[in-house]
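**Q** Next comes the structure file data_1.pdb, holding PDB, C-alpha atoms.
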ATOM      1  CA  MET A1239     159.061 100.247  80.748  1.00  0.00           C
ATOM      2  CA  PRO A1240     156.984 103.019  79.110  1.00  0.00           C
ATOM      3  CA  LYS A1241     157.181 106.566  80.437  1.00  0.00           C
ATOM      4  CA  LEU A1242     155.317 107.267  83.693  1.00  0.00           C
ATOM      5  CA  LYS A1243     152.126 109.200  82.988  1.00  0.00           C
ATOM      6  CA  ILE A1244     149.742 110.962  85.381  1.00  0.00           C
ATOM      7  CA  ALA A1245     146.057 111.031  84.386  1.00  0.00           C
ATOM      8  CA  PRO A1246     143.927 113.145  86.744  1.00  0.00           C
ATOM      9  CA  SER A1247     140.356 111.890  86.897  1.00  0.00           C
ATOM     10  CA  LEU A1248     137.769 114.611  86.380  1.00  0.00           C
ATOM     11  CA  LEU A1249     135.331 112.635  88.553  1.00  0.00           C
ATOM     12  CA  SER A1250     136.805 114.451  91.564  1.00  0.00           C
ATOM     13  CA  SER A1251     137.052 117.895  89.979  1.00  0.00           C
ATOM     14  CA  ASP A1252     134.767 120.897  90.326  1.00  0.00           C
ATOM     15  CA  PHE A1253     132.058 120.116  87.752  1.00  0.00           C
ATOM     16  CA  SER A1254     130.962 123.747  87.646  1.00  0.00           C
ATOM     17  CA  ARG A1255     134.283 124.682  86.009  1.00  0.00           C
ATOM     18  CA  LEU A1256     135.471 121.608  84.139  1.00  0.00           C
ATOM     19  CA  GLY A1257     137.271 123.477  81.368  1.00  0.00           C
ATOM     20  CA  GLU A1258     139.305 125.481  83.867  1.00  0.00           C
ATOM     21  CA  GLU A1259     140.076 122.346  85.885  1.00  0.00           C
ATOM     22  CA  ILE A1260     141.433 120.601  82.787  1.00  0.00           C
ATOM     23  CA  GLN A1261     143.653 123.551  81.947  1.00  0.00           C
ATOM     24  CA  ALA A1262     144.878 123.785  85.548  1.00  0.00           C
ATOM     25  CA  VAL A1263     145.985 120.144  85.798  1.00  0.00           C
ATOM     26  CA  ILE A1264     147.637 120.284  82.368  1.00  0.00           C
ATOM     27  CA  GLU A1265     149.612 123.333  83.494  1.00  0.00           C
ATOM     28  CA  ALA A1266     150.523 121.336  86.627  1.00  0.00           C
ATOM     29  CA  GLY A1267     151.973 118.544  84.490  1.00  0.00           C
ATOM     30  CA  ALA A1268     149.142 116.104  83.701  1.00  0.00           C
ATOM     31  CA  ASP A1269     149.950 113.770  80.795  1.00  0.00           C
ATOM     32  CA  TRP A1270     146.379 112.579  80.107  1.00  0.00           C
ATOM     33  CA  ILE A1271     142.899 113.642  81.206  1.00  0.00           C
ATOM     34  CA  HIS A1272     140.883 110.689  82.522  1.00  0.00           C
ATOM     35  CA  LEU A1273     137.106 110.710  81.993  1.00  0.00           C
ATOM     36  CA  ASP A1274     134.934 108.223  83.891  1.00  0.00           C
ATOM     37  CA  ILE A1275     131.761 107.435  81.939  1.00  0.00           C
ATOM     38  CA  MET A1276     129.140 105.716  84.129  1.00  0.00           C
ATOM     39  CA  ASP A1277     125.612 104.670  83.218  1.00  0.00           C
ATOM     40  CA  GLY A1278     124.060 103.973  86.616  1.00  0.00           C
ATOM     41  CA  HIS A1279     123.858 100.251  85.748  1.00  0.00           C
ATOM     42  CA  PHE A1280     127.330  98.814  85.318  1.00  0.00           C
ATOM     43  CA  ALA A1281     128.635 101.297  87.883  1.00  0.00           C
ATOM     44  CA  PRO A1282     126.400 102.732  90.623  1.00  0.00           C
ATOM     45  CA  ASN A1283     126.705 106.328  89.510  1.00  0.00           C
ATOM     46  CA  LEU A1284     125.822 108.608  86.589  1.00  0.00           C
ATOM     47  CA  THR A1285     128.392 110.935  85.084  1.00  0.00           C
ATOM     48  CA  ILE A1286     128.808 112.467  81.624  1.00  0.00           C
ATOM     49  CA  GLY A1287     128.137 111.589  77.993  1.00  0.00           C
ATOM     50  CA  PRO A1288     129.540 112.365  74.542  1.00  0.00           C
ATOM     51  CA  PRO A1289     128.239 115.980  74.344  1.00  0.00           C
ATOM     52  CA  VAL A1290     130.164 116.926  77.483  1.00  0.00           C
ATOM     53  CA  VAL A1291     133.306 115.160  76.253  1.00  0.00           C
ATOM     54  CA  SER A1292     132.977 117.060  72.974  1.00  0.00           C
ATOM     55  CA  ALA A1293     132.682 120.376  74.842  1.00  0.00           C
ATOM     56  CA  LEU A1294     135.739 119.549  76.976  1.00  0.00           C
ATOM     57  CA  ARG A1295     137.858 118.488  74.014  1.00  0.00           C
ATOM     58  CA  ARG A1296     138.708 122.077  73.102  1.00  0.00           C
ATOM     59  CA  HIS A1297     140.112 122.683  76.596  1.00  0.00           C
ATOM     60  CA  SER A1298     142.552 119.759  76.493  1.00  0.00           C
ATOM     61  CA  THR A1299     145.937 119.804  74.802  1.00  0.00           C
ATOM     62  CA  VAL A1300     146.767 116.285  76.061  1.00  0.00           C
ATOM     63  CA  PRO A1301     145.164 112.908  75.243  1.00  0.00           C
ATOM     64  CA  MET A1302     141.663 112.358  76.575  1.00  0.00           C
ATOM     65  CA  ASP A1303     141.398 108.928  78.198  1.00  0.00           C
ATOM     66  CA  VAL A1304     137.757 107.787  78.137  1.00  0.00           C
ATOM     67  CA  HIS A1305     136.938 104.935  80.533  1.00  0.00           C
ATOM     68  CA  LEU A1306     133.559 103.385  79.713  1.00  0.00           C
ATOM     69  CA  MET A1307     131.817 101.877  82.742  1.00  0.00           C
ATOM     70  CA  LEU A1308     128.764 100.911  80.717  1.00  0.00           C
ATOM     71  CA  ASP A1309     126.701  97.759  80.258  1.00  0.00           C
ATOM     72  CA  ASN A1310     126.713  98.137  76.470  1.00  0.00           C
ATOM     73  CA  PRO A1311     129.991  99.785  75.430  1.00  0.00           C
ATOM     74  CA  GLU A1312     129.545  98.657  71.810  1.00  0.00           C
ATOM     75  CA  GLU A1313     126.700 101.147  71.417  1.00  0.00           C
ATOM     76  CA  PHE A1314     128.772 104.144  72.507  1.00  0.00           C
ATOM     77  CA  VAL A1315     132.322 103.862  71.188  1.00  0.00           C
ATOM     78  CA  ASP A1316     131.509 105.667  67.918  1.00  0.00           C
ATOM     79  CA  ASP A1317     129.942 108.588  69.797  1.00  0.00           C
ATOM     80  CA  PHE A1318     132.887 109.001  72.165  1.00  0.00           C
ATOM     81  CA  ALA A1319     135.434 108.695  69.368  1.00  0.00           C
ATOM     82  CA  ASN A1320     133.561 111.372  67.424  1.00  0.00           C
ATOM     83  CA  ALA A1321     133.453 113.520  70.581  1.00  0.00           C
ATOM     84  CA  GLY A1322     137.250 113.606  70.697  1.00  0.00           C
ATOM     85  CA  ALA A1323     138.449 110.632  72.733  1.00  0.00           C
ATOM     86  CA  ASP A1324     142.059 109.639  72.079  1.00  0.00           C
ATOM     87  CA  ILE A1325     141.944 106.477  74.203  1.00  0.00           C
ATOM     88  CA  ILE A1326     138.857 104.336  74.878  1.00  0.00           C
ATOM     89  CA  THR A1327     138.809 101.558  77.458  1.00  0.00           C
ATOM     90  CA  PHE A1328     135.880  99.285  78.287  1.00  0.00           C
ATOM     91  CA  HIS A1329     135.311  96.636  80.923  1.00  0.00           C
ATOM     92  CA  ALA A1330     136.015  93.023  80.045  1.00  0.00           C
ATOM     93  CA  GLU A1331     132.987  92.144  82.185  1.00  0.00           C
ATOM     94  CA  ALA A1332     130.661  94.274  80.014  1.00  0.00           C
ATOM     95  CA  SER A1333     131.411  93.094  76.468  1.00  0.00           C
ATOM     96  CA  ARG A1334     130.341  89.838  74.848  1.00  0.00           C
ATOM     97  CA  HIS A1335     132.693  90.369  71.914  1.00  0.00           C
ATOM     98  CA  PRO A1336     135.708  92.231  73.286  1.00  0.00           C
ATOM     99  CA  HIS A1337     138.071  91.387  70.418  1.00  0.00           C
ATOM    100  CA  ARG A1338     135.631  92.850  67.906  1.00  0.00           C
ATOM    101  CA  LEU A1339     135.176  95.938  70.062  1.00  0.00           C
ATOM    102  CA  LEU A1340     138.919  96.513  70.368  1.00  0.00           C
ATOM    103  CA  THR A1341     139.173  96.382  66.585  1.00  0.00           C
ATOM    104  CA  ARG A1342     136.292  98.831  66.212  1.00  0.00           C
ATOM    105  CA  ILE A1343     137.850 101.338  68.618  1.00  0.00           C
ATOM    106  CA  ARG A1344     141.141 101.198  66.757  1.00  0.00           C
ATOM    107  CA  ASP A1345     139.367 101.576  63.406  1.00  0.00           C
ATOM    108  CA  LEU A1346     137.872 104.799  64.804  1.00  0.00           C
ATOM    109  CA  GLY A1347     141.377 106.164  65.296  1.00  0.00           C
ATOM    110  CA  CYS A1348     141.652 105.690  69.061  1.00  0.00           C
ATOM    111  CA  LYS A1349     143.918 103.602  71.245  1.00  0.00           C
ATOM    112  CA  ALA A1350     141.943 100.640  72.602  1.00  0.00           C
ATOM    113  CA  GLY A1351     142.119  98.964  75.992  1.00  0.00           C
ATOM    114  CA  VAL A1352     140.310  96.673  78.382  1.00  0.00           C
ATOM    115  CA  VAL A1353     139.562  97.232  82.056  1.00  0.00           C
ATOM    116  CA  LEU A1354     139.516  94.666  84.866  1.00  0.00           C
ATOM    117  CA  ASN A1355     137.440  95.081  88.017  1.00  0.00           C
ATOM    118  CA  PRO A1356     139.081  94.034  91.294  1.00  0.00           C
ATOM    119  CA  GLY A1357     137.317  90.659  91.298  1.00  0.00           C
ATOM    120  CA  THR A1358     138.151  89.803  87.691  1.00  0.00           C
ATOM    121  CA  PRO A1359     141.212  87.570  87.197  1.00  0.00           C
ATOM    122  CA  PRO A1360     143.908  88.435  84.663  1.00  0.00           C
ATOM    123  CA  ASP A1361     143.262  85.112  82.920  1.00  0.00           C
ATOM    124  CA  ASP A1362     140.048  86.625  81.549  1.00  0.00           C
ATOM    125  CA  ILE A1363     142.092  88.706  79.106  1.00  0.00           C
ATOM    126  CA  GLU A1364     144.807  86.171  78.309  1.00  0.00           C
ATOM    127  CA  PHE A1365     143.611  85.821  74.718  1.00  0.00           C
ATOM    128  CA  LEU A1366     143.057  89.572  74.302  1.00  0.00           C
ATOM    129  CA  ALA A1367     146.499  90.633  75.478  1.00  0.00           C
ATOM    130  CA  ASP A1368     147.954  90.705  71.980  1.00  0.00           C
ATOM    131  CA  SER A1369     145.084  92.914  70.755  1.00  0.00           C
ATOM    132  CA  VAL A1370     145.188  95.765  73.276  1.00  0.00           C
ATOM    133  CA  ASP A1371     147.116  99.025  73.326  1.00  0.00           C
ATOM    134  CA  LEU A1372     146.762  99.176  77.105  1.00  0.00           C
ATOM    135  CA  VAL A1373     145.090  97.546  80.105  1.00  0.00           C
ATOM    136  CA  LEU A1374     143.463  99.420  82.991  1.00  0.00           C
ATOM    137  CA  ILE A1375     143.338  97.667  86.365  1.00  0.00           C
ATOM    138  CA  MET A1376     140.786  98.938  88.857  1.00  0.00           C
ATOM    139  CA  THR A1377     142.338  99.124  92.310  1.00  0.00           C
ATOM    140  CA  VAL A1378     138.951 100.015  93.851  1.00  0.00           C
ATOM    141  CA  ASN A1379     135.449  98.933  92.886  1.00  0.00           C
ATOM    142  CA  PRO A1380     134.113 101.324  90.227  1.00  0.00           C
ATOM    143  CA  GLY A1381     131.521 103.965  90.955  1.00  0.00           C
ATOM    144  CA  PHE A1382     132.870 106.632  93.286  1.00  0.00           C
ATOM    145  CA  GLY A1383     136.040 108.568  94.024  1.00  0.00           C
ATOM    146  CA  GLY A1384     137.855 108.609  97.328  1.00  0.00           C
ATOM    147  CA  GLN A1385     137.883 104.853  97.976  1.00  0.00           C
ATOM    148  CA  LYS A1386     140.683 102.953  99.702  1.00  0.00           C
ATOM    149  CA  PHE A1387     143.276 101.190  97.538  1.00  0.00           C
ATOM    150  CA  ILE A1388     142.903  97.387  97.438  1.00  0.00           C
ATOM    151  CA  SER A1389     146.423  96.114  98.088  1.00  0.00           C
ATOM    152  CA  GLY A1390     145.701  92.675  96.651  1.00  0.00           C
ATOM    153  CA  MET A1391     145.709  94.262  93.203  1.00  0.00           C
ATOM    154  CA  LEU A1392     149.501  94.618  93.251  1.00  0.00           C
ATOM    155  CA  ARG A1393     149.876  90.960  92.316  1.00  0.00           C
ATOM    156  CA  LYS A1394     147.401  91.440  89.461  1.00  0.00           C
ATOM    157  CA  ILE A1395     149.437  94.391  88.167  1.00  0.00           C
ATOM    158  CA  GLU A1396     152.525  92.173  88.101  1.00  0.00           C
ATOM    159  CA  LEU A1397     150.700  89.431  86.193  1.00  0.00           C
ATOM    160  CA  VAL A1398     149.223  91.801  83.619  1.00  0.00           C
ATOM    161  CA  ARG A1399     152.575  93.552  83.105  1.00  0.00           C
ATOM    162  CA  ALA A1400     154.052  90.126  82.302  1.00  0.00           C
ATOM    163  CA  MET A1401     151.284  89.609  79.710  1.00  0.00           C
ATOM    164  CA  LEU A1402     151.811  93.008  78.078  1.00  0.00           C
ATOM    165  CA  GLY A1403     155.590  93.046  77.989  1.00  0.00           C
ATOM    166  CA  GLU A1404     157.591  96.201  78.547  1.00  0.00           C
ATOM    167  CA  GLU A1405     156.357  98.452  75.742  1.00  0.00           C
ATOM    168  CA  ARG A1406     152.620  98.957  76.316  1.00  0.00           C
ATOM    169  CA  ASP A1407     150.800 101.079  78.893  1.00  0.00           C
ATOM    170  CA  LEU A1408     149.437  99.540  82.089  1.00  0.00           C
ATOM    171  CA  GLU A1409     147.054 101.900  83.855  1.00  0.00           C
ATOM    172  CA  VAL A1410     145.735 101.781  87.421  1.00  0.00           C
ATOM    173  CA  ASP A1411     142.706 103.588  88.811  1.00  0.00           C
ATOM    174  CA  GLY A1412     141.573 103.883  92.419  1.00  0.00           C
ATOM    175  CA  GLY A1413     143.089 105.032  95.691  1.00  0.00           C
ATOM    176  CA  ILE A1414     146.258 106.344  94.071  1.00  0.00           C
ATOM    177  CA  ASP A1415     148.193 108.793  96.239  1.00  0.00           C
ATOM    178  CA  GLN A1416     151.755 109.499  97.323  1.00  0.00           C
ATOM    179  CA  HIS A1417     151.833 106.240  99.320  1.00  0.00           C
ATOM    180  CA  THR A1418     150.304 103.828  96.803  1.00  0.00           C
ATOM    181  CA  ALA A1419     151.892 105.312  93.655  1.00  0.00           C
ATOM    182  CA  PRO A1420     155.374 103.854  94.346  1.00  0.00           C
ATOM    183  CA  GLN A1421     153.816 100.443  95.033  1.00  0.00           C
ATOM    184  CA  VAL A1422     151.900 100.235  91.756  1.00  0.00           C
ATOM    185  CA  VAL A1423     154.856 101.547  89.751  1.00  0.00           C
ATOM    186  CA  ALA A1424     157.122  98.930  91.340  1.00  0.00           C
ATOM    187  CA  ALA A1425     154.560  96.273  90.373  1.00  0.00           C
ATOM    188  CA  GLY A1426     154.614  97.394  86.730  1.00  0.00           C
ATOM    189  CA  ALA A1427     152.046 100.185  86.249  1.00  0.00           C
ATOM    190  CA  ASN A1428     153.074 103.288  84.303  1.00  0.00           C
ATOM    191  CA  VAL A1429     149.801 105.279  84.006  1.00  0.00           C
ATOM    192  CA  LEU A1430     148.402 106.534  87.307  1.00  0.00           C
ATOM    193  CA  VAL A1431     144.812 107.746  87.459  1.00  0.00           C
ATOM    194  CA  ALA A1432     144.342 109.999  90.458  1.00  0.00           C
ATOM    195  CA  GLY A1433     141.176 111.939  91.228  1.00  0.00           C
ATOM    196  CA  SER A1434     140.675 112.820  94.872  1.00  0.00           C
ATOM    197  CA  TYR A1435     144.404 113.065  95.544  1.00  0.00           C
ATOM    198  CA  VAL A1436     145.000 115.632  92.795  1.00  0.00           C
ATOM    199  CA  PHE A1437     141.784 117.651  92.861  1.00  0.00           C
ATOM    200  CA  GLY A1438     141.572 117.560  96.656  1.00  0.00           C
ATOM    201  CA  SER A1439     145.033 119.053  96.964  1.00  0.00           C
ATOM    202  CA  ASP A1440     145.787 122.719  97.569  1.00  0.00           C
ATOM    203  CA  SER A1441     148.406 122.488  94.814  1.00  0.00           C
ATOM    204  CA  TYR A1442     147.763 120.367  91.717  1.00  0.00           C
ATOM    205  CA  LEU A1443     151.433 120.814  90.797  1.00  0.00           C
ATOM    206  CA  GLU A1444     152.691 119.446  94.114  1.00  0.00           C
ATOM    207  CA  ALA A1445     150.244 116.537  94.003  1.00  0.00           C
ATOM    208  CA  ILE A1446     151.263 115.515  90.486  1.00  0.00           C
ATOM    209  CA  GLU A1447     154.959 115.915  91.257  1.00  0.00           C
ATOM    210  CA  SER A1448     154.595 113.757  94.375  1.00  0.00           C
ATOM    211  CA  LEU A1449     153.025 110.985  92.266  1.00  0.00           C
ATOM    212  CA  ARG A1450     155.995 111.148  89.909  1.00  0.00           C
ATOM    213  CA  GLY A1451     158.404 111.104  92.829  1.00  0.00           C
TER     214      GLY A1451
END
As structure tokens, how would this structure be written, given the file I've shared?
**A**
Amino acid sequence: MPKLKIAPSLLSSDFSRLGEEIQAVIEAGADWIHLDIMDGHFAPNLTIGPPVVSALRRHSTVPMDVHLMLDNPEEFVDDFANAGADIITFHAEASRHPHRLLTRIRDLGCKAGVVLNPGTPPDDIEFLADSVDLVLIMTVNPGFGGQKFISGMLRKIELVRAMLGEERDLEVDGGIDQHTAPQVVAAGANVLVAGSYVFGSDSYLEAIESLRG
């Protein structure tokens, strides 16, 4: 199993001081910084674009994990790679040619992954599994932080881990806290995205350490 990694989601941070928030969670032990990119169409929210990612890049000494919740991810991967993304994931539901897009992301020098919404079965990526560096499983419906973990996703995590084998990263995003973290890790996840739990805590260090626990 790959090393356990904690990826705080900036969606729940203080947007008036994003650079400081990044530095604070890295000092507290964050392994990746997770950036939720929403277009108001695929996901019912608007967040940030490539210029903001570019500005944040200089504050981060760890990989920047860019999660595209966009209707047309093909049109944006070059911009986010150029802005400093290390990892780019896109939704299987949003791409007509996911294999081609995975290749493009990797050609840009980034790790490439696909994302599955809660209602999307693992079978949808059966023939992509050999082409991904990682898979991200949504354990809430995308759009907003602070949602309740969907426990039915534990079985999906197990199925996708079986597809990926033991070497590649399997990421989960949504409702991750000190109670759900052990469940998803036991099911096979090794990258935990946590927004509200980390940034809503009085101590980022204690929150991140409790997720590792």
**Q** Please write as a PDB file with C-alpha atoms, keeping the file's coordinate frame the full residue list that the PyMOL selection byres ((chain A and resi 1345-1358) around 6) yields on this file.
**A**
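Once written, selection_33.pdb looks like this:
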ATOM      1  CA  ASP A1324     142.059 109.639  72.079  1.00  0.00           C
ATOM      2  CA  ILE A1325     141.944 106.477  74.203  1.00  0.00           C
ATOM      3  CA  ILE A1326     138.857 104.336  74.878  1.00  0.00           C
ATOM      4  CA  THR A1327     138.809 101.558  77.458  1.00  0.00           C
ATOM      5  CA  PHE A1328     135.880  99.285  78.287  1.00  0.00           C
ATOM      6  CA  HIS A1329     135.311  96.636  80.923  1.00  0.00           C
ATOM      7  CA  ALA A1330     136.015  93.023  80.045  1.00  0.00           C
ATOM      8  CA  LEU A1340     138.919  96.513  70.368  1.00  0.00           C
ATOM      9  CA  ARG A1342     136.292  98.831  66.212  1.00  0.00           C
ATOM     10  CA  ILE A1343     137.850 101.338  68.618  1.00  0.00           C
ATOM     11  CA  ARG A1344     141.141 101.198  66.757  1.00  0.00           C
ATOM     12  CA  PRO A1359     141.212  87.570  87.197  1.00  0.00           C
ATOM     13  CA  VAL A1370     145.188  95.765  73.276  1.00  0.00           C
ATOM     14  CA  ASP A1371     147.116  99.025  73.326  1.00  0.00           C
ATOM     15  CA  LEU A1372     146.762  99.176  77.105  1.00  0.00           C
ATOM     16  CA  VAL A1373     145.090  97.546  80.105  1.00  0.00           C
ATOM     17  CA  LEU A1374     143.463  99.420  82.991  1.00  0.00           C
ATOM     18  CA  ILE A1375     143.338  97.667  86.365  1.00  0.00           C
ATOM     19  CA  MET A1376     140.786  98.938  88.857  1.00  0.00           C
TER      20      MET A1376
END
**Q** Would you be able to write out as an MDAnalysis selection string which residues have an atom within 12 Å of (153.1, 100.3, 87.7) in the file's coordinates, counting all atoms listed in the file?
**A** chainID A and resid 1239:1244 1373:1375 1377 1391:1400 1404 1406:1411 1414 1418:1431 1449:1450
**Q** Check which residues satisfy the PyMOL selection byres ((chain A and resi 1290-1307) around 7) in the file shown, then give them as a list in words.
**A** Gly1257, Ile1260, Gln1261, Asp1269, Trp1270, Ile1271, His1272, Leu1273, Asp1274, Ile1275, Met1276, Asp1277, Phe1280, Ala1281, Ile1286, Gly1287, Pro1288, Pro1289, Leu1308, Pro1311, Ala1321, Gly1322, Ala1323, Asp1324, Ile1325, Ile1326, Thr1327, Phe1328 and His1329 of chain A
**Q** May I have the residues at most 6 Å from (139.5, 107.5, 94.0) in the file's coordinates, counting only C-alpha atoms, as an mmCIF file with C-alpha atoms, in the coordinates of the input?
**A**
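Generated file (selection_25.cif):
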data_model
loop_
_atom_site.group_PDB
_atom_site.id
_atom_site.type_symbol
_atom_site.label_atom_id
_atom_site.label_comp_id
_atom_site.auth_asym_id
_atom_site.auth_seq_id
_atom_site.Cartn_x
_atom_site.Cartn_y
_atom_site.Cartn_z
ATOM 1 C CA GLY A 1383 136.040 108.568 94.024
ATOM 2 C CA GLY A 1384 137.855 108.609 97.328
ATOM 3 C CA GLN A 1385 137.883 104.853 97.976
ATOM 4 C CA GLY A 1412 141.573 103.883 92.419
ATOM 5 C CA GLY A 1413 143.089 105.032 95.691
ATOM 6 C CA GLY A 1433 141.176 111.939 91.228
ATOM 7 C CA SER A 1434 140.675 112.820 94.872
#
**Q** Interatomic distance between CA of Tyr1442 (chain A) and CA of Thr1285 (chain A)?
**A**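 We find that CA of Tyr1442 (chain A) and CA of Thr1285 (chain A) lie 22.5 Å from each other.
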**Q** Just how far from CA of Leu1402 (chain A) is CA of Glu1312 (chain A), in Å to one decimal?
**A** 23.8 Å
**Q** To one decimal place in Å, what is the distance between CA of Pro1336 (chain A) and CA of Ala1319 (chain A)?
**A** 16.9 Å
**Q** Using all atoms listed in the file, which of the listed residues (A:Ala1367, A:Phe1387, A:Ala1245, A:His1279) sits closest to Ala1266 (chain A)?
**A** A:Ala1245
**Q** Name every residue that the PyMOL selection byres ((chain A and resi 1436) around 9) selects in this structure, writing the answer as a PyMOL selection string with chains first and numbers rising.
**A** chain A and resi 1246-1247+1250-1251+1263+1415+1432-1435+1437-1446
**Q** As JSON, what would the box around region 1288-1305 of chain A look like: edges along x, y and z, 6 Å added on every side, centre and edge lengths in Å to one decimal?
**A**
{"center_x": 137.5, "center_y": 113.8, "center_z": 76.8, "size_x": 30.5, "size_y": 29.7, "size_z": 19.6}
**Q** Rank A:Glu1265, A:Gly1390, A:Leu1339, A:Ala1332 by their smallest atom-to-atom distance to Leu1366 (chain A), using all atoms listed in the file, and report the top residue only.
**A** A:Leu1339
